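Asker: Structure in structure tokens, see below.
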Amino acid sequence: MAEFRVGEDDFEVDGRPVRLLSGALHYFRVHEAQWGHRLAMLRALGLNCVETYVPWNLHEPRPGELRDVAAVGRFLDAVRAAGMWAIVRPGPYICAEWENGGLPHWVTGPLGSRVRTRDPEFLAAVTRWFEVLLPEITRRQTGPGGDRPGPVIMVQVENEYGSYGSDGVYLRHLAGVLTDLGVTVPLCTSDGPEDHMITGGSVPDVLATVNFGSHAGLSFERLRRHRPKGPLMCMEFWCGWFDHWGAGPVVRDARDAAQALREILECGASVNLYMAHGGTSFGGWAGANRGGELHEGPLQPDVTSYDYDAPVDERGRPTEKFRLMRDVLAEYADGPLPDVPPAPPALAAPVTADLGGWAPLDAVLDALGGPEGRYAVPPTFEELDVDRGLVRYAVTVPGPREPYPLRVRGLRDRAVVTVDGVRAGVLTEESPALAAPVAGHARVELWVESLGRVNYGPRTGESKGITGGVLHERQFLHGVRARGLRLDAFDEGDRVRGIPVGPVPADRSPGLYRGVAEVRGAGDAALELPGWTRGFVWVNGFALGRYWSVGPQRSLYVPGPVLRDGVNEVWVLELEEAPEGGAARVTLS
């Protein structure tokens, strides 16, 4: 087996200097049947290495409830089959524009600001998780310690910790846990190129790398002030960027990105393109940011697509950025680059699915939701064990009393409100009060949805739901009923199919809309939702993710392996307003 090591000035394999030409590709954002194609695209781009995160919350949604941790190993086997090396970034925090930065809600809820520190409870939870995860990685290391020939050459300690904290005890402990559990390949850290980020996020005797999108020379000069020796590497070269709901799309000029890549390589450095192929945040796992310079401002939820304006687009196709970067990378390759593989098959012809069955949200909650409880004050999503999904809160305005304003303190993130069964409005963090006052006696229901937990900055891990209370005038309303609906409840298809449905209403009511699409010539497709407002879509039980009419994303990517020739089930969970006139249709094209 080849041995990878960090030399005084270069990376080395069996004593031979090598340059890492890596690209980020997240196995959890690509349908497994398409891993091989996406890896072949990265090889054709001119890369010799793949980097991936591991999202803890995806694999352990509840304490001790493990879901397909073996997928990490299967992906690394696919990387080896593609003839590439792998850098693994297991966290426990990953950012990645992923729900809660990859941290489980059942960890951040009780611990709050103690996460990502030396706190014993947090360290114990991380160690238990790593004891499960790391065998999938250590068995696939290069050199001593692996019982297979690679492909893992490097493992990262935490992620951009210097952007968050300064607990060197925590980082050193985490590095020790990794080595104690069998990691023998070199460790590394990655941080922004600012002094406080490098000092806060680096670990003595562990390779430090930096993340940036431009000004390679200046960034590496700053790194050298802290680390005079060791290979130079940009662990995240931001060749694109991500999008937020309700904002314009973010793109980077392809020539500018290719020139910035050339500058990195001309510095003699290794590089990891972030992202080489972004993929999709299926299943409602997209995270959110907070605006403002200090990341304390308005919520900015991330769209479902993680195309990232990457060289390989969301559907696995080469872009102009791919062509230009391939020309740059070819100059640093050991030989001729592989041919670009053909694009995956596309849907042969557009298909319209009529969603003729409908069930109200109450019926969906009765079938799939958790138990309803009565609480003195509204419980948070974390207290109700809801990661992705929504919660129905119900509270009574006592009476008789005059109409007064009704508002919600600490709303995260969006609530559709009814008063005595009649829709009364939509509340947000920025607009937390109903436009019309409410008189008593009245029953108020608030269907609150999390738009994605914050994945970066000081408010990572903040609670969701109603975190402050419901007020009528200045009086808190107590005695709240609450019941949660997790999105993963829809994984149990038979329970979903068992929900009684009736005809589609003409009044645009929210609820679960069901129908079928007859497909001939299955392949990659885009699902269009004309007239729909906000919610989630499943095709053949596969959770495509969130849609929202505010844009900029206008369709959802449907991987070809999800579709089949013949009848395909389509479920749409609309949370605000369906199309007018009962026109419940979606289109695959």
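How things are named: the first chain in the structure tokens is A, the next is B, and so on; residues count from 1 in each chain; ligands count from 1 in the order shown.
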Fewer than 2 positions away in the same chain doesn't count, so skip those; otherwise give me all residues within 9 Å of Trp85 (chain A), counting only C-alpha atoms, as a compact mmCIF listing (two decimals) with all heavy atoms, in the first residue's frame.

Answerer:
# COMPACT_ATOMS: atom_id res chain seq x y z
N LEU A 20 -1.79 17.62 -4.46
CA LEU A 20 -3.18 17.21 -4.38
C LEU A 20 -4.03 18.16 -5.21
O LEU A 20 -4.06 19.37 -4.96
CB LEU A 20 -3.65 17.21 -2.93
CG LEU A 20 -3.00 16.21 -1.98
CD1 LEU A 20 -3.63 16.28 -0.61
CD2 LEU A 20 -3.07 14.80 -2.54
N SER A 22 -7.68 18.29 -5.72
CA SER A 22 -8.86 17.66 -5.12
C SER A 22 -10.12 18.44 -5.47
O SER A 22 -10.08 19.62 -5.84
CB SER A 22 -8.67 17.59 -3.60
OG SER A 22 -9.79 16.99 -2.97
N ASN A 48 -7.17 14.42 -8.86
CA ASN A 48 -6.68 13.12 -8.41
C ASN A 48 -7.18 12.74 -7.03
O ASN A 48 -6.80 11.70 -6.47
CB ASN A 48 -5.14 13.08 -8.43
CG ASN A 48 -4.50 14.18 -7.59
OD1 ASN A 48 -5.10 14.71 -6.67
ND2 ASN A 48 -3.25 14.53 -7.91
N CYS A 49 -8.04 13.59 -6.45
CA CYS A 49 -8.48 13.40 -5.07
C CYS A 49 -9.90 13.93 -4.92
O CYS A 49 -10.32 14.84 -5.65
CB CYS A 49 -7.52 14.14 -4.12
SG CYS A 49 -7.84 13.91 -2.36
N VAL A 50 -10.63 13.36 -3.97
CA VAL A 50 -12.01 13.77 -3.66
C VAL A 50 -12.09 14.09 -2.18
O VAL A 50 -11.50 13.38 -1.35
CB VAL A 50 -13.02 12.66 -4.00
CG1 VAL A 50 -14.43 13.07 -3.60
CG2 VAL A 50 -12.97 12.31 -5.47
N GLU A 51 -12.79 15.15 -1.85
CA GLU A 51 -13.02 15.51 -0.44
C GLU A 51 -14.50 15.40 -0.14
O GLU A 51 -15.34 15.79 -0.94
CB GLU A 51 -12.52 16.92 -0.18
CG GLU A 51 -12.87 17.47 1.19
CD GLU A 51 -14.19 18.24 1.20
OE1 GLU A 51 -14.34 19.16 0.38
OE2 GLU A 51 -15.07 17.91 2.02
N LEU A 76 -16.28 5.64 -0.20
CA LEU A 76 -14.82 5.58 -0.27
C LEU A 76 -14.36 4.43 -1.16
O LEU A 76 -13.36 4.55 -1.87
CB LEU A 76 -14.24 5.46 1.13
CG LEU A 76 -14.46 6.69 2.04
CD1 LEU A 76 -13.97 6.40 3.45
CD2 LEU A 76 -13.79 7.93 1.47
N VAL A 79 -14.61 5.76 -4.58
CA VAL A 79 -13.48 6.66 -4.86
C VAL A 79 -12.26 5.84 -5.26
O VAL A 79 -11.57 6.16 -6.24
CB VAL A 79 -13.17 7.53 -3.62
CG1 VAL A 79 -11.88 8.32 -3.83
CG2 VAL A 79 -14.33 8.49 -3.34
N ARG A 80 -12.00 4.77 -4.52
CA ARG A 80 -10.86 3.92 -4.86
C ARG A 80 -11.04 3.31 -6.25
O ARG A 80 -10.09 3.26 -7.05
CB ARG A 80 -10.70 2.82 -3.82
CG ARG A 80 -9.59 1.82 -4.15
CD ARG A 80 -9.43 0.78 -3.06
NE ARG A 80 -8.44 -0.22 -3.46
CZ ARG A 80 -8.73 -1.34 -4.11
NH1 ARG A 80 -9.99 -1.60 -4.44
NH2 ARG A 80 -7.78 -2.19 -4.44
N ALA A 82 -12.50 4.55 -8.69
CA ALA A 82 -12.29 5.60 -9.68
C ALA A 82 -10.82 5.99 -9.81
O ALA A 82 -10.48 6.84 -10.64
CB ALA A 82 -13.12 6.83 -9.31
N GLY A 83 -9.96 5.39 -9.00
CA GLY A 83 -8.54 5.68 -9.07
C GLY A 83 -8.15 7.00 -8.45
O GLY A 83 -7.20 7.65 -8.90
N ILE A 87 -9.97 12.76 0.90
CA ILE A 87 -9.84 13.51 2.15
C ILE A 87 -11.20 13.47 2.83
O ILE A 87 -12.22 13.81 2.21
CB ILE A 87 -9.43 14.97 1.89
CG1 ILE A 87 -8.08 15.04 1.19
CG2 ILE A 87 -9.40 15.76 3.20
CD1 ILE A 87 -7.74 16.43 0.66
N THR A 142 -4.74 4.76 3.51
CA THR A 142 -3.50 4.34 2.87
C THR A 142 -2.45 4.06 3.93
O THR A 142 -2.53 4.57 5.05
CB THR A 142 -2.96 5.44 1.93
OG1 THR A 142 -2.72 6.62 2.71
CG2 THR A 142 -3.95 5.75 0.82
N GLY A 150 -6.20 1.92 0.55
CA GLY A 150 -6.70 3.29 0.39
C GLY A 150 -8.20 3.35 0.27
O GLY A 150 -8.88 2.39 0.56
N PRO A 151 -8.72 4.53 -0.10
CA PRO A 151 -8.06 5.69 -0.70
C PRO A 151 -7.81 6.85 0.25
O PRO A 151 -7.35 7.91 -0.16
CB PRO A 151 -9.08 6.12 -1.75
CG PRO A 151 -10.39 5.89 -1.05
CD PRO A 151 -10.19 4.64 -0.21
N VAL A 152 -8.13 6.70 1.57
CA VAL A 152 -8.11 7.85 2.48
C VAL A 152 -6.67 8.24 2.79
O VAL A 152 -5.89 7.42 3.29
CB VAL A 152 -8.86 7.53 3.78
CG1 VAL A 152 -8.80 8.73 4.74
CG2 VAL A 152 -10.32 7.17 3.48
N ILE A 153 -6.32 9.48 2.49
CA ILE A 153 -4.96 9.96 2.72
C ILE A 153 -4.88 11.02 3.82
O ILE A 153 -3.79 11.30 4.33
CB ILE A 153 -4.33 10.55 1.43
CG1 ILE A 153 -5.20 11.69 0.89
CG2 ILE A 153 -4.13 9.46 0.39
CD1 ILE A 153 -4.57 12.46 -0.24

Asker: Using only C-alpha atoms, find each residue in region 141-242 of chain A having at least one atom no more than 7 Å away from region 107-124 of chain A; report its shortest atom-to-atom pair and that distance in Å (one decimal), rows by chain then rising number, as a tab-separated table.

Answerer:
residue	atom	partner	partner_atom	distance
A:Asp167	CA	A:Thr117	CA	6.1
A:Val169	CA	A:Arg118	CA	6.3
A:Tyr170	CA	A:Arg118	CA	4.5

Asker: Keeping only N, CA, C and O atoms, write those residues as a PDB file, in the first residue's frame.

Answerer:
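In the end it all went to part19.pdb:
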ATOM      1  N   ASP A 167     -11.192  27.313  21.586  1.00  0.00           N
ATOM      2  CA  ASP A 167     -10.949  26.297  22.599  1.00  0.00           C
ATOM      3  C   ASP A 167      -9.912  25.300  22.100  1.00  0.00           C
ATOM      4  O   ASP A 167     -10.238  24.245  21.536  1.00  0.00           O
ATOM      5  N   VAL A 169      -8.077  23.386  23.828  1.00  0.00           N
ATOM      6  CA  VAL A 169      -8.189  22.122  24.555  1.00  0.00           C
ATOM      7  C   VAL A 169      -9.135  21.184  23.812  1.00  0.00           C
ATOM      8  O   VAL A 169      -8.860  19.985  23.663  1.00  0.00           O
ATOM      9  N   TYR A 170     -10.249  21.722  23.340  1.00  0.00           N
ATOM     10  CA  TYR A 170     -11.212  20.928  22.571  1.00  0.00           C
ATOM     11  C   TYR A 170     -10.587  20.363  21.306  1.00  0.00           C
ATOM     12  O   TYR A 170     -10.709  19.163  21.014  1.00  0.00           O
TER      13      TYR A 170
END

Asker: For Gly465 (chain A), find every residue with an atom within 10 Å (counting only C-alpha atoms), except residues of its own chain fewer than 2 positions away, and show them as number ranges by chain.

Answerer: A: 378-384, 386, 390-393, 410-415, 447-450, 463, 467-469

Asker: With only C-alpha atoms as the atoms that count, which of A:Ala394, A:Ala506, A:Leu573, A:Ala286 lies nearest to Gly535 (chain A)?

Answerer: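 Closest to Gly535 (chain A), using only C-alpha atoms: A:Leu573.
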
Asker: Report the distance between CA of Gly581 (chain A) and CA of Trp538 (chain A) in Å, rounded to one decimal place.

Answerer: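 Between these atoms lies a distance of 22.9 Å.
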
Asker: Go through A:Arg409, A:Arg290, A:Arg423, A:Arg255 one by one, measure the shortest atom-to-atom distance of each to Leu477 (chain A) using only C-alpha atoms, and give the residue with the smallest value.

Answerer: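 Closest residue, counting only C-alpha atoms: A:Arg409.
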
Asker: Give me, please, the distance in Å between CA of Val408 (chain A) and CA of Asn289 (chain A), quoted to one decimal.

Answerer: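 According to the coordinates, CA of Val408 (chain A) and CA of Asn289 (chain A) are separated by 21.6 Å.
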
Asker: Give me, as a ChimeraX atom specification, all polymer residues having an atom no more than 9 Å from region 484-497 of chain A, counting only C-alpha atoms and skipping those fewer than 2 positions away in the same chain.

Answerer: /A:283-284,364-365,367-372,381,384-393,482,499-500,514,536,538,540-543

Asker: I need the residues of region 261-340 of chain A that end up classed as strand (DSSP E) by DSSP on the backbone, written out as a list in words.

Answerer: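 The residues of region 261-340 of chain A classed as strand (DSSP E) are Ser270, Val271, Asn272, Leu273, Tyr274, Met275, Ala276, His277, Ala288, Asn289, Arg290, Leu299, Gln300 and Pro301 of chain A.
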
Asker: Do you have the CA of Leu25 (chain A)-CA of Trp571 (chain A) distance handy?

Answerer: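 For CA of Leu25 (chain A) relative to CA of Trp571 (chain A), the distance reads 28.5 Å.
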
Asker: Which residues come within 7 Å of Asn100 (chain A), counting only C-alpha atoms, excluding same-chain residues fewer than 6 positions away, as a ChimeraX atom specification?

Answerer: /A:287,453-455,460-461

Asker: For those residues, write all heavy atoms to a file as a PDB file, in the first residue's frame.

Answerer:
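Just written: again.pdb:
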ATOM      1  N   GLY A 287     -29.494  23.896   5.130  1.00  0.00           N
ATOM      2  CA  GLY A 287     -29.373  24.700   6.337  1.00  0.00           C
ATOM      3  C   GLY A 287     -29.760  26.145   6.114  1.00  0.00           C
ATOM      4  O   GLY A 287     -30.571  26.472   5.233  1.00  0.00           O
ATOM      5  N   ARG A 453     -31.965  24.875  10.088  1.00  0.00           N
ATOM      6  CA  ARG A 453     -31.185  25.371  11.222  1.00  0.00           C
ATOM      7  C   ARG A 453     -29.905  26.042  10.728  1.00  0.00           C
ATOM      8  O   ARG A 453     -29.314  25.643   9.731  1.00  0.00           O
ATOM      9  CB  ARG A 453     -30.856  24.238  12.177  1.00  0.00           C
ATOM     10  CG  ARG A 453     -32.047  23.818  13.043  1.00  0.00           C
ATOM     11  CD  ARG A 453     -31.649  22.729  14.036  1.00  0.00           C
ATOM     12  NE  ARG A 453     -32.742  22.398  14.939  1.00  0.00           N
ATOM     13  CZ  ARG A 453     -33.746  21.569  14.631  1.00  0.00           C
ATOM     14  NH1 ARG A 453     -33.773  20.990  13.445  1.00  0.00           N
ATOM     15  NH2 ARG A 453     -34.713  21.325  15.501  1.00  0.00           N
ATOM     16  N   VAL A 454     -29.486  27.044  11.493  1.00  0.00           N
ATOM     17  CA  VAL A 454     -28.292  27.812  11.137  1.00  0.00           C
ATOM     18  C   VAL A 454     -27.075  26.893  11.129  1.00  0.00           C
ATOM     19  O   VAL A 454     -26.882  26.081  12.050  1.00  0.00           O
ATOM     20  CB  VAL A 454     -28.098  28.978  12.118  1.00  0.00           C
ATOM     21  CG1 VAL A 454     -26.766  29.671  11.895  1.00  0.00           C
ATOM     22  CG2 VAL A 454     -29.249  29.973  11.977  1.00  0.00           C
ATOM     23  N   ASN A 455     -26.242  27.017  10.090  1.00  0.00           N
ATOM     24  CA  ASN A 455     -25.083  26.135   9.950  1.00  0.00           C
ATOM     25  C   ASN A 455     -23.740  26.860  10.056  1.00  0.00           C
ATOM     26  O   ASN A 455     -22.697  26.226   9.887  1.00  0.00           O
ATOM     27  CB  ASN A 455     -25.131  25.385   8.616  1.00  0.00           C
ATOM     28  CG  ASN A 455     -25.293  26.282   7.410  1.00  0.00           C
ATOM     29  OD1 ASN A 455     -26.346  26.303   6.795  1.00  0.00           O
ATOM     30  ND2 ASN A 455     -24.264  27.041   7.035  1.00  0.00           N
ATOM     31  N   THR A 460     -25.270  29.077  15.362  1.00  0.00           N
ATOM     32  CA  THR A 460     -25.390  27.664  15.017  1.00  0.00           C
ATOM     33  C   THR A 460     -26.000  26.910  16.192  1.00  0.00           C
ATOM     34  O   THR A 460     -25.595  27.097  17.341  1.00  0.00           O
ATOM     35  CB  THR A 460     -24.009  27.066  14.691  1.00  0.00           C
ATOM     36  OG1 THR A 460     -23.445  27.779  13.587  1.00  0.00           O
ATOM     37  CG2 THR A 460     -24.116  25.597  14.337  1.00  0.00           C
ATOM     38  N   GLY A 461     -26.979  26.065  15.887  1.00  0.00           N
ATOM     39  CA  GLY A 461     -27.607  25.264  16.929  1.00  0.00           C
ATOM     40  C   GLY A 461     -28.765  25.936  17.639  1.00  0.00           C
ATOM     41  O   GLY A 461     -29.327  25.351  18.573  1.00  0.00           O
TER      42      GLY A 461
END

Asker: Which residues, written as a PyMOL selection string, have at least one atom at most 12 Å from Arg139 (chain A), with only C-alpha atoms counted and residues fewer than 3 positions away on the same chain left out?

Answerer: chain A and resi 70+72-74+76-77+133-136+142-153+181-185

Asker: List as JSON, numbers by chain the protein and nucleic acid residues near Ala578 (chain A), meaning an atom at most 9 Å away when only C-alpha atoms are counted, but skip any in the same chain fewer than 2 places from it.

Answerer: {"A": [506, 507, 508, 509, 510, 511, 531, 532, 533, 534, 574, 575, 576, 580, 581, 582, 583, 584]}

Asker: From a backbone DSSP assignment, name each residue in region 345-559 of chain A labelled alpha helix (DSSP H), as a PyMOL selection string.

Answerer: chain A and resi 361-368+493-497

Asker: Write the selection just made, keeping N, CA, C and O atoms, as a PDB file, in the first residue's frame?

Answerer:
ATOM      1  N   LEU A 361     -53.961  18.978   6.401  1.00  0.00           N
ATOM      2  CA  LEU A 361     -52.792  18.828   7.259  1.00  0.00           C
ATOM      3  C   LEU A 361     -53.131  18.120   8.566  1.00  0.00           C
ATOM      4  O   LEU A 361     -52.306  17.349   9.091  1.00  0.00           O
ATOM      5  N   ASP A 362     -54.322  18.350   9.121  1.00  0.00           N
ATOM      6  CA  ASP A 362     -54.697  17.677  10.362  1.00  0.00           C
ATOM      7  C   ASP A 362     -54.693  16.163  10.184  1.00  0.00           C
ATOM      8  O   ASP A 362     -54.243  15.426  11.068  1.00  0.00           O
ATOM      9  N   ALA A 363     -55.175  15.685   9.030  1.00  0.00           N
ATOM     10  CA  ALA A 363     -55.200  14.245   8.777  1.00  0.00           C
ATOM     11  C   ALA A 363     -53.786  13.698   8.622  1.00  0.00           C
ATOM     12  O   ALA A 363     -53.479  12.587   9.075  1.00  0.00           O
ATOM     13  N   VAL A 364     -52.912  14.471   7.986  1.00  0.00           N
ATOM     14  CA  VAL A 364     -51.517  14.052   7.842  1.00  0.00           C
ATOM     15  C   VAL A 364     -50.856  13.970   9.215  1.00  0.00           C
ATOM     16  O   VAL A 364     -50.131  13.017   9.530  1.00  0.00           O
ATOM     17  N   LEU A 365     -51.131  14.959  10.052  1.00  0.00           N
ATOM     18  CA  LEU A 365     -50.555  14.972  11.393  1.00  0.00           C
ATOM     19  C   LEU A 365     -51.067  13.804  12.217  1.00  0.00           C
ATOM     20  O   LEU A 365     -50.307  13.157  12.955  1.00  0.00           O
ATOM     21  N   ASP A 366     -52.361  13.492  12.092  1.00  0.00           N
ATOM     22  CA  ASP A 366     -52.922  12.359  12.828  1.00  0.00           C
ATOM     23  C   ASP A 366     -52.259  11.050  12.418  1.00  0.00           C
ATOM     24  O   ASP A 366     -52.051  10.159  13.247  1.00  0.00           O
ATOM     25  N   ALA A 367     -51.924  10.919  11.134  1.00  0.00           N
ATOM     26  CA  ALA A 367     -51.364   9.667  10.633  1.00  0.00           C
ATOM     27  C   ALA A 367     -49.872   9.538  10.882  1.00  0.00           C
ATOM     28  O   ALA A 367     -49.376   8.431  11.153  1.00  0.00           O
ATOM     29  N   LEU A 368     -49.140  10.646  10.793  1.00  0.00           N
ATOM     30  CA  LEU A 368     -47.679  10.578  10.793  1.00  0.00           C
ATOM     31  C   LEU A 368     -47.023  11.323  11.945  1.00  0.00           C
ATOM     32  O   LEU A 368     -45.811  11.177  12.142  1.00  0.00           O
ATOM     33  N   GLY A 493     -43.608   4.691   3.529  1.00  0.00           N
ATOM     34  CA  GLY A 493     -44.552   4.908   2.443  1.00  0.00           C
ATOM     35  C   GLY A 493     -45.921   4.317   2.662  1.00  0.00           C
ATOM     36  O   GLY A 493     -46.936   4.917   2.281  1.00  0.00           O
ATOM     37  N   ASP A 494     -46.007   3.150   3.297  1.00  0.00           N
ATOM     38  CA  ASP A 494     -47.316   2.528   3.502  1.00  0.00           C
ATOM     39  C   ASP A 494     -48.195   3.379   4.409  1.00  0.00           C
ATOM     40  O   ASP A 494     -49.415   3.450   4.216  1.00  0.00           O
ATOM     41  N   ARG A 495     -47.577   4.033   5.400  1.00  0.00           N
ATOM     42  CA  ARG A 495     -48.358   4.915   6.275  1.00  0.00           C
ATOM     43  C   ARG A 495     -48.867   6.129   5.499  1.00  0.00           C
ATOM     44  O   ARG A 495     -49.995   6.589   5.712  1.00  0.00           O
ATOM     45  N   VAL A 496     -48.042   6.638   4.586  1.00  0.00           N
ATOM     46  CA  VAL A 496     -48.468   7.782   3.776  1.00  0.00           C
ATOM     47  C   VAL A 496     -49.617   7.368   2.853  1.00  0.00           C
ATOM     48  O   VAL A 496     -50.623   8.074   2.729  1.00  0.00           O
ATOM     49  N   ARG A 497     -49.462   6.206   2.217  1.00  0.00           N
ATOM     50  CA  ARG A 497     -50.516   5.740   1.301  1.00  0.00           C
ATOM     51  C   ARG A 497     -51.805   5.428   2.045  1.00  0.00           C
ATOM     52  O   ARG A 497     -52.881   5.453   1.458  1.00  0.00           O
TER      53      ARG A 497
END
